[in-house]
2 protein chains.
Amino acid sequence: MQRYFVERNQFHDHRVDILGDDAHHIQRVMRSRAGDKLIVCDGAGREVLAEITELGKDLVRLEIIEERRSESEPAVKVWIAQSLPKADKMETVIQKGTEVGADRFIPFLSARTIVQYDAKKEAKRLDRWRKIAKEAAEQAHRGIVPEVEVPLTWKQLLALLPETGAALICYEQEQGSSGLRQVLQEWKQSSAAADGKPLMLVIGPEGGFEPSEVETFTAAGGKSVSLGRRILRTETAAVVGLTGILYEFEEI
Amino acid sequence: MQRYFVERNQFHDHRVDILGDDAHHIQRVMRSRAGDKLIVCDGAGREVLAEITELGKDLVRLEIIEERRSESEPAVKVWIAQSLPKADKMETVIQKGTEVGADRFIPFLSARTIVQYDAKKEAKRLDRWRKIAKEAAEQAHRGIVPEVEVPLTWKQLLALLPETGAALICYEQEQGSSGLRQVLQEWKQSSAAADGKPLMLVIGPEGGFEPSEVETFTAAGGKSVSLGRRILRTETAAVVGLTGILYEFEEI
C-alpha cells in the first residue's frame with residue numbers, strides 16, 4: 001500500500017491532511033479517489049491506515065481508520081557519518097542508507113574532502129537530501145524518515161562521540177584484529193548496546209582519512225575498524241558497513 | 001599501488017605486456033615511467049609485482065619482480081543472479097557487487113522484467129558490463145575479475161541450480177522463519193559449503209517475482225529468503241544480500 005510521510009501537525013483527532021507535492025502525487029500520479037486507502041506516517045514512528053474522504057487542490061484529506069505500530073524499524077540505531085563525497089554520491093548514500101535502515105545521516109568535512117563546501121548552496125542541497133531521505137523511506141516502508149544534518153567540521157563530529165554508544169571509523173589500513181564483525185560482537189555484549197544508544201559509523205572521503213584523523217578519533221573514544229580486504233568506494237562503504245551492523249543485530 | 005588485469009597470454013616467462021586502453025591509462029593518466037612498479041593480474045588469481053621496462057604506443061612492457069598470492073578473494077563464491085533492471089542499474093549492481101566481492105554475475109529475464117531485451121544491442125552492452133567489472137576489480141584490489149554472463153531465460157537460470165551449493169531467491173513476501181541469516185547459518189554447516197560450492201543469490205526485477213516463479217524455484221531445490229522488513233530497491237537488494245553472505249562468512 002502507498003505510504004506518505006507528513007508533518008506531525010497535519011495529524012488531527014480523527015483525520016490527517018496530506019499537502020503540496022504529496023497531494024499532487026496522490027491525485028496525478030497514483031490517480032487515487034475518495035474511498036482509497038493509504039498508510040500515513042508522521043516520520044517519528046506513528047503510522048495510520050487512512051481512507052481518502054476529500055480531494056482538493058494541494059490537499060488530500062483522509063479519515064484515520066486505525067493506528068498501527070511500525071514494524072520495520074531496526075532496534076539498533078545507526079548513524080552514518082559520511083565525509084562529503086564528490087558529485088551526487090551523498091545522494092546515493094542517503095537513498096541506499098535509508099532503504100537499508102540508517103537512523104541519521106551526518107555529512108562532515110575532513111582533511112582529504114575534495115568537494116568545495118559552499119555554504120550558500122547549502123540550504124538548497126540540504127532540502128534535496130531530506131527529500132531523498134523522505135522518498136526512500138516511503139518506498140522502503142520505513143517507520144521514520146532518517147534525519148539529515150547540516151555538514152559538520154571534523155571537530156564538531158568528534159564532539160558527537162559522547163552521545164553515541166560506539167563510534168566506528170572505517171579505515172582501510174586497519175587489518176586483522178579489528179574487523180567490523182569482531183568489534184560488533186564485543187559491543188553487542190556492552191551496556192551501551194543494551195541501553196539502545198546509537199552506533200555511529202564514520203566513512204572517509206575518496207582519498208580516505210589521514211592517519212592523524214584516525215588517531216584523534218580513537219583518542220576521543222572511537223574505534224578503528226576494517227570492512228574487509230577489498231577496497232570499497234566511499235559510497236559503497238556506507239552501505240556495506242550499515243548492512244554488516246544490521247546483519248549482526250539480526251535485522252536482515 | 002595501481003593494479004591492472006590483463007589476458008593470460010600477455011604473461012610471458014619473466015615479463016608481462018599491458019596493451020590498448022590500459023597502456024594508454026598508464027602513460028597518459030598515471031604518467032608512469034620506466035622503473036615504476038605496478039601490480040598485474042591475470043584475472044584468475046595470478047598476481048605479480050612488476051616494473052616498467054618499456055613504454056611504447058599501445059604497449060607497456062614490464063619485468064616480473066615477484067609472484068604474489070592474491071589475499072583479497074573471499075573463500076565463499078557468490079553468484080549474483082539479477083533479473084534485468086531498468087536504466088543503468090545493472091551497471092550499479094556489477095560495479096558495487098564486484099567491489100564487495102561477488103564471483104559471477106548472471107543477468108536473467110523473469111515474468112515482471114520491464115526492460116525490453118534487445119539481442120542486437122546485447123554484445124555492446126555485455127562488453128560494457130565486463131569493462132565495468134574489470135575496472136571495479138582493479139579499484140577494489142580484487143584477485144579476479146568476476147564473470148558477467150549473457151542474460152539467461154528463467155528456464156536457463158533454473159538449469160544452473162545443480163551447479164550451486166545453495167540457491168537463494170530474495171522474496172519480499174517471505175517473513176520470519178527464512179531470514180537470510182538463519183538460512184546461511186544452516187547452510188554453513190552443510191557439506192556443500194565445506195566443498196566450496198558457490199552460493200547463488202537471485203534478485204527480482206523492480207516489480208518482484210511472481211509467486212509461481214518462487215514456487216518453481218523452490219521446487220527446483222532453491223530456497224526463498226527475506227532480506228528483512230524494509231523494502232529494498234532491486235539494485236540495493238543485490239549489494240545487501242551479498243554483504244550479508246560475506247559478513248556471515250567472516251569476509252567483512
# chains A, B, ... in the order shown; residues from 1 in each chain; ligands from 1
call {"tool": "residues_around", "arguments": {"residues": "segment 14-25 of chain B", "least_positions_apart": "3", "cutoff": "7 Å", "atoms": "only C-alpha atoms", "output": "PDB file with C-alpha atoms, in the first residue's frame"}}
result
ATOM      1  CA  VAL B   6      45.399  -8.490 -18.450  1.00  0.00           C
ATOM      2  CA  GLN B  10      50.029 -11.337 -22.108  1.00  0.00           C
ATOM      3  CA  PHE B  11      52.105 -13.083 -19.434  1.00  0.00           C
ATOM      4  CA  ARG B  28      48.549   9.360 -20.210  1.00  0.00           C
ATOM      5  CA  VAL B  29      46.590   9.245 -16.955  1.00  0.00           C
ATOM      6  CA  MET B  30      49.040   7.828 -14.443  1.00  0.00           C
ATOM      7  CA  ASP B  58      49.663   0.790 -27.258  1.00  0.00           C
ATOM      8  CA  LEU B  59      52.150  -1.274 -25.242  1.00  0.00           C
ATOM      9  CA  VAL B  60      53.750  -1.160 -21.822  1.00  0.00           C
ATOM     10  CA  ARG B  61      56.274  -3.929 -21.164  1.00  0.00           C
ATOM     11  CA  LEU B  62      57.136  -4.927 -17.589  1.00  0.00           C
ATOM     12  CA  GLU B  63      59.616  -7.217 -15.926  1.00  0.00           C
ATOM     13  CA  ILE B  64      58.128  -9.518 -13.313  1.00  0.00           C
TER      14      ILE B  64
END
call {"tool": "closest_atom_pairs", "arguments": {"of": "chain B", "to": "chain A", "cutoff": "8 Å", "atoms": "only C-alpha atoms", "output": "JSON lines"}}
result
{"residue": "B:Glu71", "atom": "CA", "partner": "A:Arg229", "partner_atom": "CA", "distance": 7.5}
{"residue": "B:Ser72", "atom": "CA", "partner": "A:Arg229", "partner_atom": "CA", "distance": 5.1}
{"residue": "B:Glu73", "atom": "CA", "partner": "A:Arg229", "partner_atom": "CA", "distance": 8.0}
{"residue": "B:Lys96", "atom": "CA", "partner": "A:Thr236", "partner_atom": "CA", "distance": 6.6}
{"residue": "B:Glu99", "atom": "CA", "partner": "A:Leu232", "partner_atom": "CA", "distance": 5.8}
{"residue": "B:Val100", "atom": "CA", "partner": "A:Arg230", "partner_atom": "CA", "distance": 6.9}
{"residue": "B:Gly101", "atom": "CA", "partner": "A:Arg230", "partner_atom": "CA", "distance": 7.4}
{"residue": "B:Gln139", "atom": "CA", "partner": "A:Ile231", "partner_atom": "CA", "distance": 7.0}
{"residue": "B:Ala140", "atom": "CA", "partner": "A:Ile231", "partner_atom": "CA", "distance": 4.2}
{"residue": "B:His141", "atom": "CA", "partner": "A:Arg230", "partner_atom": "CA", "distance": 5.9}
{"residue": "B:Arg142", "atom": "CA", "partner": "A:Arg230", "partner_atom": "CA", "distance": 6.5}
{"residue": "B:Gly179", "atom": "CA", "partner": "A:Ile252", "partner_atom": "CA", "distance": 6.9}
{"residue": "B:Leu180", "atom": "CA", "partner": "A:Ile252", "partner_atom": "CA", "distance": 6.7}
{"residue": "B:Arg181", "atom": "CA", "partner": "A:Ile252", "partner_atom": "CA", "distance": 6.9}
{"residue": "B:Ser226", "atom": "CA", "partner": "A:Ile252", "partner_atom": "CA", "distance": 7.6}
{"residue": "B:Leu227", "atom": "CA", "partner": "A:Ile252", "partner_atom": "CA", "distance": 5.0}
{"residue": "B:Gly228", "atom": "CA", "partner": "A:Ile252", "partner_atom": "CA", "distance": 4.3}
{"residue": "B:Arg229", "atom": "CA", "partner": "A:Ser72", "partner_atom": "CA", "distance": 5.1}
{"residue": "B:Arg230", "atom": "CA", "partner": "A:Ala140", "partner_atom": "CA", "distance": 5.2}
{"residue": "B:Ile231", "atom": "CA", "partner": "A:Ala140", "partner_atom": "CA", "distance": 4.2}
{"residue": "B:Leu232", "atom": "CA", "partner": "A:Glu99", "partner_atom": "CA", "distance": 5.8}
{"residue": "B:Arg233", "atom": "CA", "partner": "A:Glu99", "partner_atom": "CA", "distance": 7.7}
{"residue": "B:Thr236", "atom": "CA", "partner": "A:Lys96", "partner_atom": "CA", "distance": 6.6}
{"residue": "B:Val239", "atom": "CA", "partner": "A:Val240", "partner_atom": "CA", "distance": 7.7}
{"residue": "B:Val240", "atom": "CA", "partner": "A:Thr243", "partner_atom": "CA", "distance": 6.1}
{"residue": "B:Thr243", "atom": "CA", "partner": "A:Val240", "partner_atom": "CA", "distance": 6.1}
{"residue": "B:Gly244", "atom": "CA", "partner": "A:Tyr247", "partner_atom": "CA", "distance": 6.2}
{"residue": "B:Tyr247", "atom": "CA", "partner": "A:Gly244", "partner_atom": "CA", "distance": 6.2}
{"residue": "B:Glu250", "atom": "CA", "partner": "A:Arg181", "partner_atom": "CA", "distance": 7.3}
{"residue": "B:Glu251", "atom": "CA", "partner": "A:Gly228", "partner_atom": "CA", "distance": 6.0}
{"residue": "B:Ile252", "atom": "CA", "partner": "A:Gly228", "partner_atom": "CA", "distance": 4.3}
call {"tool": "write_last_selection", "arguments": {"atoms": "C-alpha atoms", "output": "mmCIF file, in the first residue's frame"}}
result
data_model
loop_
_atom_site.group_PDB
_atom_site.id
_atom_site.type_symbol
_atom_site.label_atom_id
_atom_site.label_comp_id
_atom_site.auth_asym_id
_atom_site.auth_seq_id
_atom_site.Cartn_x
_atom_site.Cartn_y
_atom_site.Cartn_z
ATOM 1 C CA GLU B 71 44.754 -12.272 -0.478
ATOM 2 C CA SER B 72 41.631 -10.336 -1.231
ATOM 3 C CA GLU B 73 39.382 -13.089 -2.611
ATOM 4 C CA LYS B 96 29.174 -2.425 -6.377
ATOM 5 C CA GLU B 99 33.791 -4.166 -5.058
ATOM 6 C CA VAL B 100 32.049 -6.091 -2.291
ATOM 7 C CA GLY B 101 33.254 -9.468 -3.586
ATOM 8 C CA GLN B 139 39.967 -0.396 -7.965
ATOM 9 C CA ALA B 140 38.854 -2.800 -5.230
ATOM 10 C CA HIS B 141 42.139 -4.769 -5.403
ATOM 11 C CA ARG B 142 40.340 -7.968 -6.308
ATOM 12 C CA GLY B 179 15.567 -14.775 7.070
ATOM 13 C CA LEU B 180 18.873 -14.708 5.171
ATOM 14 C CA ARG B 181 20.824 -15.051 8.411
ATOM 15 C CA SER B 226 13.886 -12.497 3.237
ATOM 16 C CA LEU B 227 16.355 -9.595 3.437
ATOM 17 C CA GLY B 228 14.460 -8.008 6.339
ATOM 18 C CA ARG B 229 11.393 -5.895 6.940
ATOM 19 C CA ARG B 230 12.346 -2.963 4.772
ATOM 20 C CA ILE B 231 11.588 -2.999 1.060
ATOM 21 C CA LEU B 232 14.800 -2.646 -0.933
ATOM 22 C CA ARG B 233 15.192 -1.397 -4.487
ATOM 23 C CA THR B 236 20.170 -2.339 -3.368
ATOM 24 C CA VAL B 239 24.534 -5.472 -2.554
ATOM 25 C CA VAL B 240 22.760 -6.022 0.785
ATOM 26 C CA THR B 243 27.212 -8.162 2.049
ATOM 27 C CA GLY B 244 25.130 -10.307 4.417
ATOM 28 C CA TYR B 247 29.586 -10.933 6.653
ATOM 29 C CA GLU B 250 33.658 -13.558 8.075
ATOM 30 C CA GLU B 251 34.831 -11.861 4.923
ATOM 31 C CA ILE B 252 33.786 -8.355 6.078
#
call {"tool": "residues_around", "arguments": {"residues": "segment 187-202 of chain A", "least_positions_apart": "5", "cutoff": "9 Å", "atoms": "only C-alpha atoms", "output": "JSON, numbers by chain"}}
result
{"A": [75, 76, 77, 78, 79, 80, 81, 82, 83, 103, 161, 163, 164, 165, 166, 167, 168, 169, 170, 182, 238, 241, 242, 245, 248, 249]}
call {"tool": "closest_residue", "arguments": {"among": "B:Ile203, B:Ile94, B:Ile144, B:Ala44", "to": "Leu109 of chain B", "atoms": "only C-alpha atoms"}}
result
B:Ile203
call {"tool": "select_by_dssp", "arguments": {"residues": "segment 115-246 of chain A", "states": "alpha helix (DSSP H)", "output": "number ranges by chain"}}
result
A: 119-140, 154-158, 180-188, 191-194, 211-219, 234-246
call {"tool": "select_by_dssp", "arguments": {"residues": "segment 15-198 of chain A", "states": "strand (DSSP E or B)", "output": "PyMOL selection string"}}
result
chain A and resi 15-19+37-41+44+46-56+59-69+78-83+104-108+144+147-148+152+166-170+179
call {"tool": "atom_distance", "arguments": {"atom1": "atom CA of Phe5 of chain B", "atom2": "atom CA of Val150 of chain B"}}
result
21.1 Å
call {"tool": "residues_around", "arguments": {"residues": "Thr218 of chain A", "least_positions_apart": "4", "cutoff": "10 Å", "atoms": "only C-alpha atoms", "output": "list in words"}}
result
Leu158, Ala167, Leu168, Ile169, Ser212, Glu213, Val214, Gly222, Lys223 and Ser224 of chain A
call {"tool": "write_last_selection", "arguments": {"atoms": "all heavy atoms", "output": "CSV table (one decimal), in the first residue's frame"}}
result
chain,number,residue,atom,x,y,z
A,158,LEU,N,33.7,15.0,16.2
A,158,LEU,CA,34.3,14.4,17.4
A,158,LEU,C,33.4,14.7,18.6
A,158,LEU,O,33.3,13.9,19.5
A,158,LEU,CB,35.7,14.9,17.6
A,158,LEU,CG,36.7,14.4,16.6
A,158,LEU,CD1,38.1,15.0,16.9
A,158,LEU,CD2,36.8,12.9,16.5
A,167,ALA,N,31.4,4.5,18.4
A,167,ALA,CA,31.7,5.2,17.2
A,167,ALA,C,32.8,4.5,16.4
A,167,ALA,O,33.9,4.3,17.0
A,167,ALA,CB,32.1,6.7,17.5
A,168,LEU,N,32.5,4.0,15.2
A,168,LEU,CA,33.5,3.2,14.5
A,168,LEU,C,33.9,4.0,13.2
A,168,LEU,O,33.1,4.4,12.4
A,168,LEU,CB,32.8,1.9,14.0
A,168,LEU,CG,32.1,1.2,15.2
A,168,LEU,CD1,31.4,-0.1,14.6
A,168,LEU,CD2,33.0,0.8,16.3
A,169,ILE,N,35.2,4.1,13.1
A,169,ILE,CA,35.8,4.8,11.9
A,169,ILE,C,36.3,3.7,10.9
A,169,ILE,O,37.1,2.9,11.4
A,169,ILE,CB,36.8,5.9,12.3
A,169,ILE,CG1,37.2,6.7,11.1
A,169,ILE,CG2,38.1,5.2,12.9
A,169,ILE,CD1,38.0,8.0,11.5
A,212,SER,N,46.5,10.9,11.2
A,212,SER,CA,46.3,11.7,12.3
A,212,SER,C,44.8,11.9,12.7
A,212,SER,O,44.4,12.0,13.9
A,212,SER,CB,46.9,13.1,12.1
A,212,SER,OG,46.2,13.8,11.1
A,213,GLU,N,43.9,11.8,11.7
A,213,GLU,CA,42.5,11.9,12.0
A,213,GLU,C,42.0,10.6,12.7
A,213,GLU,O,41.2,10.7,13.7
A,213,GLU,CB,41.7,12.0,10.7
A,213,GLU,CG,41.8,13.4,10.1
A,213,GLU,CD,41.1,13.6,8.7
A,213,GLU,OE1,41.2,12.6,7.9
A,213,GLU,OE2,40.5,14.6,8.5
A,214,VAL,N,42.5,9.5,12.3
A,214,VAL,CA,42.2,8.2,12.9
A,214,VAL,C,42.7,8.2,14.4
A,214,VAL,O,42.0,7.8,15.3
A,214,VAL,CB,42.7,7.0,12.2
A,214,VAL,CG1,42.4,5.7,12.9
A,214,VAL,CG2,42.2,7.0,10.7
A,222,GLY,N,36.6,6.7,20.0
A,222,GLY,CA,36.1,5.9,18.9
A,222,GLY,C,37.0,4.6,18.6
A,222,GLY,O,38.1,4.5,19.2
A,223,LYS,N,36.5,3.8,17.7
A,223,LYS,CA,37.3,2.6,17.4
A,223,LYS,C,37.5,2.6,15.9
A,223,LYS,O,36.6,2.9,15.1
A,223,LYS,CB,36.5,1.3,17.7
A,223,LYS,CG,36.7,0.8,19.1
A,223,LYS,CD,36.5,-0.7,19.2
A,223,LYS,CE,37.0,-1.3,20.5
A,223,LYS,NZ,36.3,-0.9,21.7
A,224,SER,N,38.7,2.1,15.5
A,224,SER,CA,39.0,2.0,14.1
A,224,SER,C,38.7,0.6,13.6
A,224,SER,O,39.1,-0.4,14.2
A,224,SER,CB,40.5,2.3,13.9
A,224,SER,OG,41.0,1.8,12.7
call {"tool": "closest_residue", "arguments": {"among": "B:Asp42, B:Asp36, B:Asp127, B:Glu135", "to": "His12 of chain B", "atoms": "only C-alpha atoms"}}
result
B:Asp42
call {"tool": "residues_around", "arguments": {"residues": "Glu149 of chain A", "least_positions_apart": "4", "cutoff": "7 Å", "atoms": "only C-alpha atoms", "output": "PDB file with N, CA, C and O atoms, in the first residue's frame"}}
result
ATOM      1  N   PHE A 105      21.821  10.742   9.140  1.00  0.00           N
ATOM      2  CA  PHE A 105      22.976  10.989   8.275  1.00  0.00           C
ATOM      3  C   PHE A 105      23.678  12.264   8.714  1.00  0.00           C
ATOM      4  O   PHE A 105      23.037  13.292   8.881  1.00  0.00           O
ATOM      5  N   ILE A 106      24.987  12.175   8.885  1.00  0.00           N
ATOM      6  CA  ILE A 106      25.774  13.312   9.347  1.00  0.00           C
ATOM      7  C   ILE A 106      26.917  13.539   8.365  1.00  0.00           C
ATOM      8  O   ILE A 106      27.960  12.896   8.454  1.00  0.00           O
ATOM      9  N   PRO A 107      26.724  14.426   7.377  1.00  0.00           N
ATOM     10  CA  PRO A 107      27.839  14.726   6.466  1.00  0.00           C
ATOM     11  C   PRO A 107      28.881  15.538   7.239  1.00  0.00           C
ATOM     12  O   PRO A 107      28.538  16.258   8.171  1.00  0.00           O
TER      13      PRO A 107
END
